[in-house]
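First up is the structure itself, then whatever we jot down about it.
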Amino acid sequence: MKSLLILLTFLRKECQERGATIIYATHIFDGLEDWPTHIVDVANGKLQLAMPMEKVKETSKTSLMRTVESWRRKERDEERKTRKERKANGPS
C-alpha cells in the first residue's frame with residue numbers, strides 16, 4: 001500500500017506541475033477518497049456516469065469504496081433481473 005501512495009503522490013505532482021491528466025483504471029478504491037478529481041464509471045462497455053469527485057461526495061455520504069460497491073451491486077442485481085426475465089419469456 002505504501003508504494004501505491006508514493007505512486008499516487010508522484011502522479012498528483014505531475015498533474016499539478018505539467019497540467020497533465022492521469023486516467024487511473026482500477027477496481028481497488030480503498031484509500032482513494034482524496035486522490036481523483038473526477039470519476040468515470042464504465043460497466044459492460046457502457047458509460048454509466050462521469051462527474052467531478054465533489055459531486056460524487058455530495059451524492060453519496062459513504063466512502064468511495066462503498067459507493068462503487070453499491071454501483072456494482074446495483075449493476076449485478078439488474079443483470080440478474082434481466083436474465084430472469086429472459087428465462088421466463090423463453091426463446092425469442
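Numbering starts fresh at 1 for the residues of each chain in the C-alpha cells, the chains themselves are lettered A, B, ... in the order given, and ligands are numbered from 1 as they appear.
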
To test your reading of the structure, identify every residue in stretch 1-85 of chain A that backbone DSSP assigns to alpha helix (DSSP H), and report it as a JSON list (two decimals) with C-alpha atoms, in the first residue's frame.
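Result written to result.json:
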```
[["chain", "number", "residue", "atom", "x", "y", "z"],
["A", 2, "LYS", "CA", 2.88, 2.36, 0.73],
["A", 3, "SER", "CA", 4.24, 2.02, -2.80],
["A", 4, "LEU", "CA", 0.79, 2.85, -4.18],
["A", 5, "LEU", "CA", 0.66, 6.02, -2.08],
["A", 6, "ILE", "CA", 4.11, 7.02, -3.32],
["A", 7, "LEU", "CA", 2.99, 6.48, -6.92],
["A", 8, "LEU", "CA", -0.23, 8.44, -6.44],
["A", 9, "THR", "CA", 1.67, 11.31, -4.82],
["A", 10, "PHE", "CA", 4.08, 11.38, -7.76],
["A", 11, "LEU", "CA", 1.23, 11.33, -10.28],
["A", 12, "ARG", "CA", -0.64, 14.13, -8.50],
["A", 13, "LYS", "CA", 2.51, 16.27, -8.51],
["A", 14, "GLU", "CA", 2.99, 15.61, -12.23],
["A", 15, "CYS", "CA", -0.59, 16.67, -12.92],
["A", 16, "GLN", "CA", -0.18, 19.88, -10.96],
["A", 17, "GLU", "CA", 3.21, 20.79, -12.41],
["A", 18, "ARG", "CA", 2.59, 19.82, -16.03],
["A", 53, "MET", "CA", -15.40, 13.85, -7.33],
["A", 54, "GLU", "CA", -17.05, 16.63, -5.33],
["A", 55, "LYS", "CA", -20.39, 15.71, -6.92],
["A", 56, "VAL", "CA", -19.83, 12.04, -6.04],
["A", 57, "LYS", "CA", -19.18, 13.08, -2.42],
["A", 58, "GLU", "CA", -22.37, 15.18, -2.39],
["A", 59, "THR", "CA", -24.39, 12.31, -3.86],
["A", 64, "LEU", "CA", -15.63, 5.93, -2.34],
["A", 65, "MET", "CA", -15.07, 2.21, -1.95],
["A", 66, "ARG", "CA", -18.60, 1.72, -0.54],
["A", 67, "THR", "CA", -20.10, 3.99, -3.20],
["A", 68, "VAL", "CA", -18.52, 1.99, -6.02],
["A", 69, "GLU", "CA", -19.52, -1.23, -4.29],
["A", 70, "SER", "CA", -23.16, -0.05, -4.30],
["A", 71, "TRP", "CA", -22.88, 0.72, -8.04],
["A", 72, "ARG", "CA", -21.58, -2.80, -8.69],
["A", 73, "ARG", "CA", -24.33, -4.37, -6.57],
["A", 74, "LYS", "CA", -27.00, -2.42, -8.45],
["A", 75, "GLU", "CA", -25.45, -3.49, -11.75],
["A", 76, "ARG", "CA", -25.36, -7.14, -10.62],
["A", 77, "ASP", "CA", -28.99, -7.02, -9.48],
["A", 78, "GLU", "CA", -30.09, -5.52, -12.81],
["A", 79, "GLU", "CA", -28.21, -8.23, -14.72],
["A", 80, "ARG", "CA", -29.85, -10.94, -12.62],
["A", 81, "LYS", "CA", -33.29, -9.42, -13.20],
["A", 82, "THR", "CA", -32.68, -9.26, -16.96],
["A", 83, "ARG", "CA", -31.54, -12.91, -17.07],
["A", 84, "LYS", "CA", -34.55, -13.99, -15.02],
["A", 85, "GLU", "CA", -36.95, -12.12, -17.35]]
```

Can you list, as JSON, numbers by chain, every residue of stretch 9-90 of chain A that DSSP puts in strand (DSSP E)? {"A": [38, 39, 40, 41, 42, 43, 46, 47, 48, 49, 50, 51, 52]}

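For the pair atom CA of A:Asp34 and atom CA of A:Leu49, the interatomic distance is 18.8 Å.
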